[in-house]
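File shown here: entry_20.txt, holding compact mmCIF, C-alpha atoms and all ligand atoms.
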```txt
# COMPACT_ATOMS: atom_id res chain seq x y z
CA MET A 1 6.62 21.90 -10.69
CA LYS A 2 6.10 21.92 -6.95
CA ALA A 3 9.11 20.21 -5.42
CA PHE A 4 8.33 20.24 -1.72
CA ASN A 5 5.31 20.29 0.51
CA THR A 6 5.22 20.47 4.25
CA PHE A 7 3.63 17.55 5.94
CA ASN A 8 3.40 17.10 9.71
CA GLY A 9 5.90 19.88 10.07
CA LYS A 10 8.51 18.34 7.73
CA ALA A 11 9.36 19.08 4.13
CA PHE A 12 8.76 16.23 1.72
CA TYR A 13 8.59 15.63 -1.94
CA PHE A 14 5.01 15.08 -2.97
CA LYS A 15 4.62 13.60 -6.37
CA PRO A 16 1.86 15.63 -8.05
CA LEU A 17 -0.62 13.69 -10.14
CA LYS A 18 0.52 12.99 -13.71
CA SER A 19 3.90 14.73 -13.35
CA ARG A 20 6.98 12.79 -14.39
CA SER A 21 9.96 15.11 -14.59
CA MET A 22 11.90 15.84 -11.39
CA LEU A 23 10.47 13.10 -9.26
CA SER A 24 11.48 10.44 -11.71
CA MET A 25 14.97 11.12 -10.34
CA LEU A 26 13.92 9.92 -6.90
CA LYS A 27 14.74 6.31 -6.21
CA VAL A 28 12.64 3.73 -4.40
CA SER A 29 14.21 0.44 -3.21
CA GLY A 30 17.52 1.75 -4.48
CA SER A 31 16.54 1.22 -8.10
CA LYS A 32 13.02 2.15 -9.05
CA PRO A 33 12.18 5.75 -9.92
CA ILE A 34 8.94 7.18 -8.63
CA ASN A 35 7.26 8.37 -11.77
CA GLU A 36 3.56 8.28 -11.00
CA THR A 37 0.98 8.63 -8.31
CA TYR A 38 -0.19 5.22 -7.24
CA ASP A 39 -3.63 3.72 -7.52
CA VAL A 40 -3.13 1.94 -4.26
CA ILE A 41 -0.57 2.01 -1.49
CA ILE A 42 -0.44 -1.03 0.75
CA ILE A 43 1.18 -0.45 4.11
CA GLY A 44 2.52 -3.73 5.45
CA SER A 45 4.01 -6.84 3.87
CA GLY A 46 2.69 -9.80 5.84
CA PRO A 47 0.21 -12.24 4.29
CA ALA A 48 -2.52 -9.56 4.25
CA GLY A 49 -0.44 -6.89 2.53
CA LEU A 50 1.24 -9.11 -0.03
CA THR A 51 -1.96 -10.94 -0.93
CA ALA A 52 -3.59 -7.55 -1.45
CA ALA A 53 -0.66 -6.59 -3.71
CA ILE A 54 -1.05 -9.75 -5.80
CA TYR A 55 -4.71 -8.91 -6.39
CA THR A 56 -4.29 -5.19 -7.09
CA GLY A 57 -1.31 -5.95 -9.33
CA ARG A 58 -3.30 -8.50 -11.33
CA ALA A 59 -6.09 -5.91 -11.63
CA ARG A 60 -3.47 -3.66 -13.26
CA LEU A 61 -3.65 -1.07 -10.50
CA LYS A 62 -0.40 0.79 -9.99
CA THR A 63 0.55 -0.66 -6.63
CA LEU A 64 3.13 0.36 -4.06
CA VAL A 65 3.83 -1.81 -1.03
CA ILE A 66 5.48 -0.02 1.88
CA ALA A 67 6.95 -3.21 3.24
CA GLY A 68 8.73 -1.95 6.35
CA SER A 69 12.43 -2.08 7.18
CA SER A 70 11.91 -5.60 8.49
CA TRP A 71 9.38 -6.92 6.03
CA GLY A 72 7.19 -10.01 5.97
CA GLY A 73 5.47 -9.78 9.34
CA GLN A 74 5.27 -12.43 12.00
CA LEU A 75 5.84 -15.38 9.67
CA MET A 76 9.44 -14.21 9.19
CA LEU A 77 9.97 -15.18 12.82
CA THR A 78 8.28 -18.57 12.53
CA SER A 79 9.78 -21.92 11.63
CA GLN A 80 7.42 -24.50 10.11
CA VAL A 81 3.96 -23.32 9.10
CA GLU A 82 1.80 -26.44 9.06
CA ASN A 83 -1.67 -25.00 8.57
CA TYR A 84 -1.32 -22.87 5.45
CA PRO A 85 -3.24 -24.82 2.80
CA GLY A 86 -1.33 -26.13 -0.17
CA PHE A 87 1.80 -27.23 1.66
CA PRO A 88 1.11 -30.76 2.91
CA GLU A 89 4.59 -31.09 4.39
CA GLY A 90 4.51 -27.56 5.86
CA ILE A 91 6.60 -24.63 4.71
CA LEU A 92 9.07 -22.39 6.52
CA GLY A 93 7.50 -19.03 7.36
CA PRO A 94 10.21 -16.96 5.61
CA ASP A 95 9.93 -19.19 2.49
CA LEU A 96 6.19 -18.61 2.38
CA MET A 97 6.67 -14.86 2.64
CA ASN A 98 9.42 -14.83 -0.01
CA ASN A 99 7.06 -16.66 -2.34
CA MET A 100 4.32 -14.10 -1.69
CA LEU A 101 6.75 -11.22 -2.28
CA LYS A 102 7.90 -12.69 -5.60
CA GLN A 103 4.29 -13.28 -6.62
CA ALA A 104 3.36 -9.65 -5.83
CA GLU A 105 6.38 -8.35 -7.79
CA ARG A 106 5.51 -10.62 -10.70
CA PHE A 107 2.26 -8.69 -11.09
CA GLY A 108 3.98 -5.33 -11.00
CA ALA A 109 3.81 -4.25 -7.35
CA GLU A 110 6.66 -1.91 -6.40
CA ILE A 111 8.13 -2.62 -2.99
CA VAL A 112 9.74 -0.07 -0.68
CA PHE A 113 11.64 -1.57 2.25
CA GLU A 114 11.06 1.39 4.55
CA ASP A 115 8.77 1.98 7.51
CA ALA A 116 5.78 4.20 6.92
CA GLU A 117 6.44 7.31 9.02
CA SER A 118 3.22 9.25 8.73
CA VAL A 119 0.00 9.46 6.80
CA ASP A 120 -2.32 12.26 5.82
CA PHE A 121 -5.85 11.13 5.07
CA SER A 122 -7.36 14.61 5.34
CA GLY A 123 -7.97 14.97 1.62
CA LYS A 124 -7.52 13.29 -1.74
CA PRO A 125 -5.16 11.97 -2.92
CA LEU A 126 -4.19 10.14 0.25
CA LYS A 127 -0.62 10.63 1.41
CA VAL A 128 1.87 8.29 3.01
CA VAL A 129 5.46 9.15 3.96
CA ALA A 130 8.09 6.40 4.12
CA GLY A 131 11.86 6.69 4.14
CA GLY A 132 11.55 10.46 3.90
CA VAL A 133 9.62 10.28 0.64
CA ALA A 134 5.96 11.21 0.37
CA TYR A 135 3.76 9.09 -1.83
CA GLU A 136 0.25 9.78 -3.03
CA SER A 137 -2.48 7.41 -4.05
CA HIS A 138 -6.21 7.04 -4.62
CA ALA A 139 -6.55 4.19 -2.11
CA VAL A 140 -4.62 2.89 0.88
CA ILE A 141 -4.78 -0.58 2.39
CA ILE A 142 -3.69 -0.76 6.02
CA ALA A 143 -2.07 -4.16 6.58
CA THR A 144 0.38 -3.35 9.34
CA GLY A 145 -0.35 -6.42 11.45
CA ALA A 146 0.48 -6.78 15.11
CA SER A 147 3.54 -7.01 17.38
CA PRO A 148 4.27 -9.06 20.48
CA LYS A 149 2.87 -7.71 23.74
CA GLU A 150 5.18 -7.07 26.64
CA LEU A 151 4.76 -8.11 30.25
CA GLY A 152 5.64 -4.65 31.51
CA VAL A 153 7.61 -5.97 34.48
CA GLU A 154 10.89 -4.78 35.94
CA GLY A 155 13.91 -6.14 34.05
CA GLU A 156 12.06 -6.89 30.81
CA GLU A 157 13.19 -3.81 28.89
CA ARG A 158 16.63 -3.63 30.48
CA LEU A 159 17.46 -7.27 29.65
CA LYS A 160 16.09 -7.29 26.09
CA GLY A 161 18.69 -8.93 23.92
CA LYS A 162 20.45 -10.10 27.09
CA GLY A 163 18.23 -13.11 27.60
CA VAL A 164 14.78 -11.58 27.15
CA SER A 165 13.28 -12.33 23.74
CA ASN A 166 10.00 -12.62 21.84
CA CYS A 167 11.38 -14.91 19.19
CA ALA A 168 12.62 -18.46 19.76
CA VAL A 169 13.43 -18.92 16.08
CA CYS A 170 15.70 -15.85 16.20
CA ASP A 171 17.35 -16.40 19.56
CA GLY A 172 16.80 -20.03 20.57
CA ALA A 173 20.24 -21.22 19.44
CA PHE A 174 21.88 -19.00 22.09
CA PHE A 175 20.40 -21.23 24.79
CA LYS A 176 22.06 -24.56 24.05
CA ASP A 177 21.93 -26.72 27.18
CA LYS A 178 20.49 -23.83 29.20
CA THR A 179 17.25 -23.42 31.12
CA VAL A 180 14.71 -21.04 29.64
CA VAL A 181 11.30 -19.77 30.67
CA VAL A 182 8.40 -19.22 28.27
CA VAL A 183 5.57 -16.98 29.51
CA GLY A 184 2.08 -17.60 28.10
CA GLY A 185 -0.40 -20.37 27.43
CA GLY A 186 -1.48 -19.82 23.82
CA ASP A 187 -0.41 -21.30 20.49
CA SER A 188 2.55 -18.96 20.22
CA ALA A 189 3.87 -19.90 23.66
CA MET A 190 3.57 -23.62 22.91
CA GLU A 191 5.31 -23.22 19.56
CA GLU A 192 8.09 -21.25 21.22
CA ALA A 193 8.45 -23.82 24.00
CA ILE A 194 8.53 -26.78 21.61
CA PHE A 195 11.03 -25.05 19.34
CA LEU A 196 13.28 -24.16 22.26
CA THR A 197 13.58 -27.83 23.28
CA LYS A 198 15.87 -28.25 20.24
CA PHE A 199 18.50 -26.29 22.15
CA ALA A 200 17.64 -25.84 25.81
CA LYS A 201 18.01 -28.58 28.38
CA LYS A 202 14.83 -27.43 30.17
CA VAL A 203 11.92 -25.20 29.14
CA LYS A 204 9.65 -23.97 31.92
CA VAL A 205 6.30 -22.62 30.74
CA ILE A 206 4.81 -20.13 33.19
CA HIS A 207 1.08 -19.68 32.69
CA ARG A 208 -1.33 -17.59 34.71
CA ARG A 209 -4.10 -20.22 34.67
CA SER A 210 -4.29 -23.98 35.17
CA GLU A 211 -5.19 -24.77 31.57
CA LEU A 212 -3.76 -23.75 28.26
CA ARG A 213 -5.45 -21.64 25.61
CA ALA A 214 -3.37 -23.31 22.87
CA SER A 215 -4.88 -25.66 20.28
CA LYS A 216 -5.13 -29.33 21.26
CA ILE A 217 -2.44 -30.53 18.87
CA LEU A 218 0.12 -28.10 20.29
CA GLN A 219 -0.94 -28.95 23.85
CA GLU A 220 -0.40 -32.67 23.13
CA ARG A 221 3.06 -32.00 21.71
CA ALA A 222 4.04 -29.80 24.63
CA PHE A 223 2.71 -32.17 27.30
CA SER A 224 4.52 -35.14 25.76
CA ASN A 225 7.85 -33.33 25.48
CA PRO A 226 10.04 -34.42 28.40
CA LYS A 227 12.03 -31.17 28.34
CA ILE A 228 8.94 -29.00 28.94
CA GLU A 229 7.72 -28.36 32.48
CA PHE A 230 4.66 -26.27 33.43
CA VAL A 231 4.38 -23.75 36.23
CA TRP A 232 0.61 -23.20 36.57
CA ASN A 233 -1.41 -20.36 38.07
CA SER A 234 1.63 -18.15 38.14
CA VAL A 235 2.72 -14.76 36.83
CA VAL A 236 6.19 -13.32 36.35
CA GLU A 237 6.64 -10.28 38.56
CA GLU A 238 10.24 -9.46 37.71
CA ILE A 239 12.99 -10.61 35.41
CA LEU A 240 16.19 -10.88 37.40
CA GLY A 241 19.80 -10.35 36.41
CA LYS A 242 22.46 -7.64 36.15
CA GLU A 243 24.22 -8.06 32.80
CA HIS A 244 22.00 -10.88 31.52
CA VAL A 245 18.98 -12.88 32.62
CA GLU A 246 19.61 -14.94 35.73
CA GLY A 247 16.07 -15.83 36.73
CA VAL A 248 12.48 -14.71 37.26
CA ARG A 249 10.52 -13.78 40.34
CA VAL A 250 7.15 -15.48 40.15
CA LYS A 251 3.94 -15.15 42.12
CA ARG A 252 1.26 -17.82 42.36
CA VAL A 253 -2.09 -16.18 41.68
CA ASP A 254 -4.04 -18.68 43.83
CA THR A 255 -1.91 -18.79 47.00
CA GLY A 256 0.05 -15.55 46.71
CA GLU A 257 3.30 -17.48 47.22
CA VAL A 258 6.33 -15.70 45.71
CA PHE A 259 9.36 -17.69 44.54
CA GLU A 260 12.28 -17.49 42.12
CA ILE A 261 13.14 -19.69 39.16
CA LYS A 262 16.72 -19.67 37.92
CA CYS A 263 16.98 -19.45 34.14
CA ASP A 264 19.17 -18.08 31.37
CA GLY A 265 16.48 -16.82 29.03
CA VAL A 266 12.89 -15.55 29.13
CA PHE A 267 10.66 -15.79 26.06
CA VAL A 268 7.60 -13.60 26.43
CA SER A 269 4.75 -14.96 24.33
CA ILE A 270 1.54 -13.44 25.64
CA GLY A 271 -0.20 -12.29 22.49
CA TYR A 272 -0.08 -9.26 20.24
CA ARG A 273 -1.10 -5.62 19.93
CA PRO A 274 -1.98 -4.01 16.61
CA ASN A 275 0.60 -1.85 14.82
CA THR A 276 -1.77 1.03 14.26
CA GLU A 277 -0.14 3.93 16.10
CA LEU A 278 0.47 5.63 12.76
CA PHE A 279 -3.24 5.85 12.02
CA LYS A 280 -4.37 7.30 15.35
CA GLY A 281 -6.55 10.31 14.75
CA TRP A 282 -7.00 9.40 11.08
CA VAL A 283 -9.19 6.29 11.13
CA GLU A 284 -11.61 5.05 13.76
CA MET A 285 -10.16 2.46 16.14
CA ASP A 286 -11.50 0.48 19.07
CA GLU A 287 -10.22 0.90 22.62
CA LYS A 288 -7.40 -1.63 22.02
CA GLY A 289 -6.18 0.17 18.91
CA TYR A 290 -7.64 -2.19 16.31
CA VAL A 291 -8.88 -0.38 13.20
CA VAL A 292 -12.66 -0.54 12.98
CA ALA A 293 -13.91 -1.96 9.69
CA LYS A 294 -17.23 -0.33 8.83
CA ASP A 295 -18.42 -2.39 5.93
CA PHE A 296 -16.26 -5.44 5.30
CA THR A 297 -12.81 -3.85 4.79
CA GLU A 298 -13.75 -0.16 4.62
CA THR A 299 -12.50 2.10 7.38
CA SER A 300 -14.02 5.37 8.55
CA VAL A 301 -12.08 7.16 5.77
CA GLU A 302 -13.25 6.77 2.19
CA GLY A 303 -10.58 5.06 0.11
CA VAL A 304 -8.76 3.61 3.13
CA PHE A 305 -9.21 -0.14 3.65
CA VAL A 306 -7.90 -2.51 6.30
CA ALA A 307 -6.89 -6.17 6.35
CA GLY A 308 -5.32 -8.67 8.72
CA GLU A 309 -4.30 -8.23 12.33
CA ALA A 310 -4.51 -4.44 12.26
CA LYS A 311 -8.24 -5.12 12.54
CA ASP A 312 -8.56 -8.81 13.45
CA HIS A 313 -8.10 -9.77 17.08
CA ARG A 314 -10.11 -12.92 16.72
CA TYR A 315 -8.74 -15.28 14.07
CA ARG A 316 -5.15 -14.09 13.57
CA GLN A 317 -4.06 -16.76 11.15
CA ALA A 318 -1.83 -16.37 8.11
CA ILE A 319 -4.64 -17.75 5.98
CA THR A 320 -7.29 -15.39 7.39
CA ALA A 321 -4.92 -12.43 6.97
CA ALA A 322 -4.32 -13.46 3.35
CA GLY A 323 -8.09 -13.80 2.84
CA GLU A 324 -8.68 -10.33 4.23
CA GLY A 325 -5.89 -8.96 2.05
CA CYS A 326 -7.79 -10.34 -0.93
CA GLN A 327 -11.05 -8.76 0.30
CA ALA A 328 -9.44 -5.35 0.90
CA ALA A 329 -7.84 -5.49 -2.54
CA LEU A 330 -11.15 -6.29 -4.24
CA ASP A 331 -12.80 -3.37 -2.39
CA ALA A 332 -9.90 -1.04 -3.27
CA ILE A 333 -9.98 -2.14 -6.93
CA LYS A 334 -13.69 -1.30 -7.17
CA TYR A 335 -13.13 2.04 -5.43
CA VAL A 336 -10.26 3.08 -7.74
CA GLU A 337 -12.07 1.92 -10.88
CA ASP A 338 -15.14 3.96 -9.85
CA ILE A 339 -12.94 7.06 -9.44
CA LYS A 340 -11.35 6.52 -12.83
CA ASN A 341 -14.71 5.91 -14.52
CA ARG A 342 -16.14 9.08 -12.99
CA SER A 343 -13.24 11.19 -14.24
CA LYS A 344 -13.54 9.94 -17.86
P1 LIG B 1 -3.18 -15.66 22.63
O1 LIG B 1 -3.92 -16.79 22.01
O2 LIG B 1 -3.89 -14.39 22.89
O3 LIG B 1 -2.57 -16.22 23.98
C1 LIG B 1 -1.88 -15.36 24.84
C2 LIG B 1 -1.52 -16.16 26.08
O4 LIG B 1 -0.77 -15.32 26.94
C3 LIG B 1 -2.75 -16.63 26.85
O5 LIG B 1 -2.50 -17.91 27.36
C4 LIG B 1 -2.88 -15.59 27.95
O6 LIG B 1 -3.41 -16.12 29.13
C5 LIG B 1 -1.44 -15.20 28.19
N1 LIG B 1 -1.32 -13.82 28.63
C6 LIG B 1 -1.84 -12.70 28.05
N2 LIG B 1 -1.48 -11.59 28.71
C7 LIG B 1 -0.72 -12.02 29.75
C8 LIG B 1 -0.03 -11.35 30.79
N3 LIG B 1 -0.04 -10.01 30.90
N4 LIG B 1 0.66 -12.10 31.69
C9 LIG B 1 0.70 -13.43 31.57
N5 LIG B 1 0.07 -14.15 30.59
C10 LIG B 1 -0.62 -13.43 29.70
O7 LIG B 1 -1.89 -15.25 21.79
P2 LIG B 1 -0.96 -16.15 20.85
O8 LIG B 1 -0.61 -17.43 21.47
O9 LIG B 1 0.12 -15.25 20.44
O10 LIG B 1 -1.89 -16.46 19.62
C11 LIG B 1 -2.51 -15.38 18.92
C12 LIG B 1 -3.35 -15.96 17.80
O11 LIG B 1 -2.48 -16.51 16.82
C13 LIG B 1 -4.28 -17.06 18.25
O12 LIG B 1 -5.47 -16.96 17.53
C14 LIG B 1 -3.55 -18.30 17.87
O13 LIG B 1 -4.42 -19.40 17.61
C15 LIG B 1 -2.82 -17.86 16.61
N6 LIG B 1 -1.60 -18.66 16.42
C16 LIG B 1 -1.74 -19.81 15.72
C17 LIG B 1 -0.64 -20.61 15.53
C18 LIG B 1 -0.80 -21.89 14.78
O14 LIG B 1 -1.92 -22.19 14.36
N7 LIG B 1 0.23 -22.68 14.57
C19 LIG B 1 0.60 -20.24 16.06
C20 LIG B 1 0.70 -19.06 16.77
C21 LIG B 1 -0.42 -18.28 16.96
P3 LIG B 1 -4.96 -16.59 29.22
O15 LIG B 1 -5.02 -17.87 28.49
O16 LIG B 1 -5.19 -16.69 30.67
O17 LIG B 1 -5.73 -15.49 28.56
```
Spit out the file's structure as structure tokens when you get a sec.
Ligand code: NAP
Amino acid sequence: MKAFNTFNGKAFYFKPLKSRSMLSMLKVSGSKPINETYDVIIIGSGPAGLTAAIYTGRARLKTLVIAGSSWGGQLMLTSQVENYPGFPEGILGPDLMNNMLKQAERFGAEIVFEDAESVDFSGKPLKVVAGGVAYESHAVIIATGASPKELGVEGEERLKGKGVSNCAVCDGAFFKDKTVVVVGGGDSAMEEAIFLTKFAKKVKVIHRRSELRASKILQERAFSNPKIEFVWNSVVEEILGKEHVEGVRVKRVDTGEVFEIKCDGVFVSIGYRPNTELFKGWVEMDEKGYVVAKDFTETSVEGVFVAGEAKDHRYRQAITAAGEGCQAALDAIKYVEDIKNRSK
């Protein structure tokens, strides 16, 4: 039996089709042996990926989810989710994701809590490497989601974890009775700002325009919160501080006036970019790095499907990601069943 292959210059185990011996010794998730090539590998474990896994699992496809070392996607960094149907009182983001994970496992999906490191879509079966192990499958569903965008200003990188954050739920408690700045005018920024008022004595929202992009309900909540103050028509030019954040240098876009705001924390909440670096050169993408879906969920590579924010820059909701995960799964199920029927 072939033990190793080279792949992107590294040596990896590739599990050959229908072989069970040596590779059954390899462990996934610390406990599960790899003993078969998969029907479908799902890369990503947010609502898109886990919904896809529920569907492919129920269709009795041998399913592997490469969940990532920090699994669950953006909802793991959210507090209350109020707009996911079926939870009239809302549900905590991590609880929702735990439920989806359990549901996917219930239908037989194997979960690997590793980051996907590379893919090879040049032939069949498709190959994905994660945690130093190479996996093969008939179909792949890309559900890698998106990550917070950065401002790209001086001080942002240097002061990360020293007052600069993208996640109020994770870091908000460090700012009890402090002043914090939130940058952005969308739903995420308003949610961050409102959440931060639980701890901070003042939350200053810096937005580059004079009106918010956020939904009306979040705008109403933010405007009526006495701890939230708005700095309109302004952009952050620099985050100031030596050992930790001490303030921001801000420029008004209408008058050109430059001024400083003293603060202890800066929460950057200016949207997302797709996590698709891994697939560059393998599947067609648009100029912003979103995977192009050719026909519903099909990508430019046969057998590779896409769901959620890796392709969607328009709707970006947990429910739409879950819906696309379902669509990609149904397309992958049909694709794999066709392959199996042809080889009978
Ligand atoms: P978003 O809607 O794209 O908003 C990004 C905000 O950041 C905008 O106000 C934008 O300003 C500003 N911005 C972008 N680049 C900037 C830069 N370089 N410097 C300064 N400001 C910048 O992103 P989001 O708020 O993360 O929301 C993403 C999607 O998720 C949306 O569809 C949203 O509805 C959804 N979402 C929904 C919920 C919910 O329903 N509870 C919660 C969170 C997110 P402009 O307005 O001038 O473009």
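In terms of minimum interatomic distance to A:Ala59, A:Ile333 ranks closest within A:Met76, A:Ile333, A:Ile217, A:Val180, counting all atoms listed in the file.
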Once you count all atoms listed in the file, which residues end up within 9 Å of ligand LIG 1 (chain B), and could you hand them over as a VMD selection string? chain A and resid 78 80 to 84 148 to 152 183 to 192 206 to 215 218 234 to 236 268 to 272 313 to 318
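The shell of residues at most 6 Å from stretch 253-263 of chain A, with all atoms listed in the file counted and near chain neighbours (fewer than 3 positions) removed, consists of Thr179, Val180, Asn233, Ser234, Glu246, Gly247, Val248, Arg249 and Val250 of chain A.
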How about saving the chosen residues, C-alpha atoms kept, as a JSON list (two decimals), keeping the file's coordinate frame?
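Result file follows (out_4.json):
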```json
[["chain", "number", "residue", "atom", "x", "y", "z"],
["A", 179, "THR", "CA", 17.25, -23.42, 31.12],
["A", 180, "VAL", "CA", 14.71, -21.04, 29.64],
["A", 233, "ASN", "CA", -1.41, -20.36, 38.07],
["A", 234, "SER", "CA", 1.63, -18.15, 38.14],
["A", 246, "GLU", "CA", 19.61, -14.94, 35.73],
["A", 247, "GLY", "CA", 16.07, -15.83, 36.73],
["A", 248, "VAL", "CA", 12.48, -14.71, 37.26],
["A", 249, "ARG", "CA", 10.52, -13.78, 40.34],
["A", 250, "VAL", "CA", 7.15, -15.48, 40.15]]
```
### Query
Which distance in Å separates atom CA of A:Ala53 and atom CA of A:Val65, to one decimal?
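Atom-to-atom, atom CA of A:Ala53 to atom CA of A:Val65, that is 7.1 Å.
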*Residue contacts of A:Ile111 (9 Å, only C-alpha atoms) excluding same-chain residues fewer than 6 positions away, as JSON, numbers by chain*: {"A": [28, 29, 63, 64, 65, 66, 67, 101, 104, 105]}
For C-alpha atoms, I'd like the residues from the last selection saved as an mmCIF file, in the coordinates of the input.
```cif
data_model
loop_
_atom_site.group_PDB
_atom_site.id
_atom_site.type_symbol
_atom_site.label_atom_id
_atom_site.label_comp_id
_atom_site.auth_asym_id
_atom_site.auth_seq_id
_atom_site.Cartn_x
_atom_site.Cartn_y
_atom_site.Cartn_z
ATOM 1 C CA VAL A 28 12.640 3.730 -4.400
ATOM 2 C CA SER A 29 14.210 0.440 -3.210
ATOM 3 C CA THR A 63 0.550 -0.660 -6.630
ATOM 4 C CA LEU A 64 3.130 0.360 -4.060
ATOM 5 C CA VAL A 65 3.830 -1.810 -1.030
ATOM 6 C CA ILE A 66 5.480 -0.020 1.880
ATOM 7 C CA ALA A 67 6.950 -3.210 3.240
ATOM 8 C CA LEU A 101 6.750 -11.220 -2.280
ATOM 9 C CA ALA A 104 3.360 -9.650 -5.830
ATOM 10 C CA GLU A 105 6.380 -8.350 -7.790
#
```
Separating atom CA of A:Phe223 from atom CA of A:Asp177, to the nearest tenth of an Å, is a gap of 20.0 Å
For the point (7.8, -12.6, 18.8) in the file's frame, write as a PyMOL selection string all residues with an atom no more than 8 Å away, counting all atoms listed in the file.
chain A and resi 74+77+147-148+165-168+268-269
Among A:His138, A:Lys242, A:Arg342, A:Lys288, A:Phe121 is approached most closely, using all atoms listed in the file, by A:His138
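For the residues A:Glu157, A:Asp120, A:Asp264, A:Glu324, ranking by smallest atom-to-atom distance to A:Glu298 using all atoms listed in the file places A:Glu324 first.
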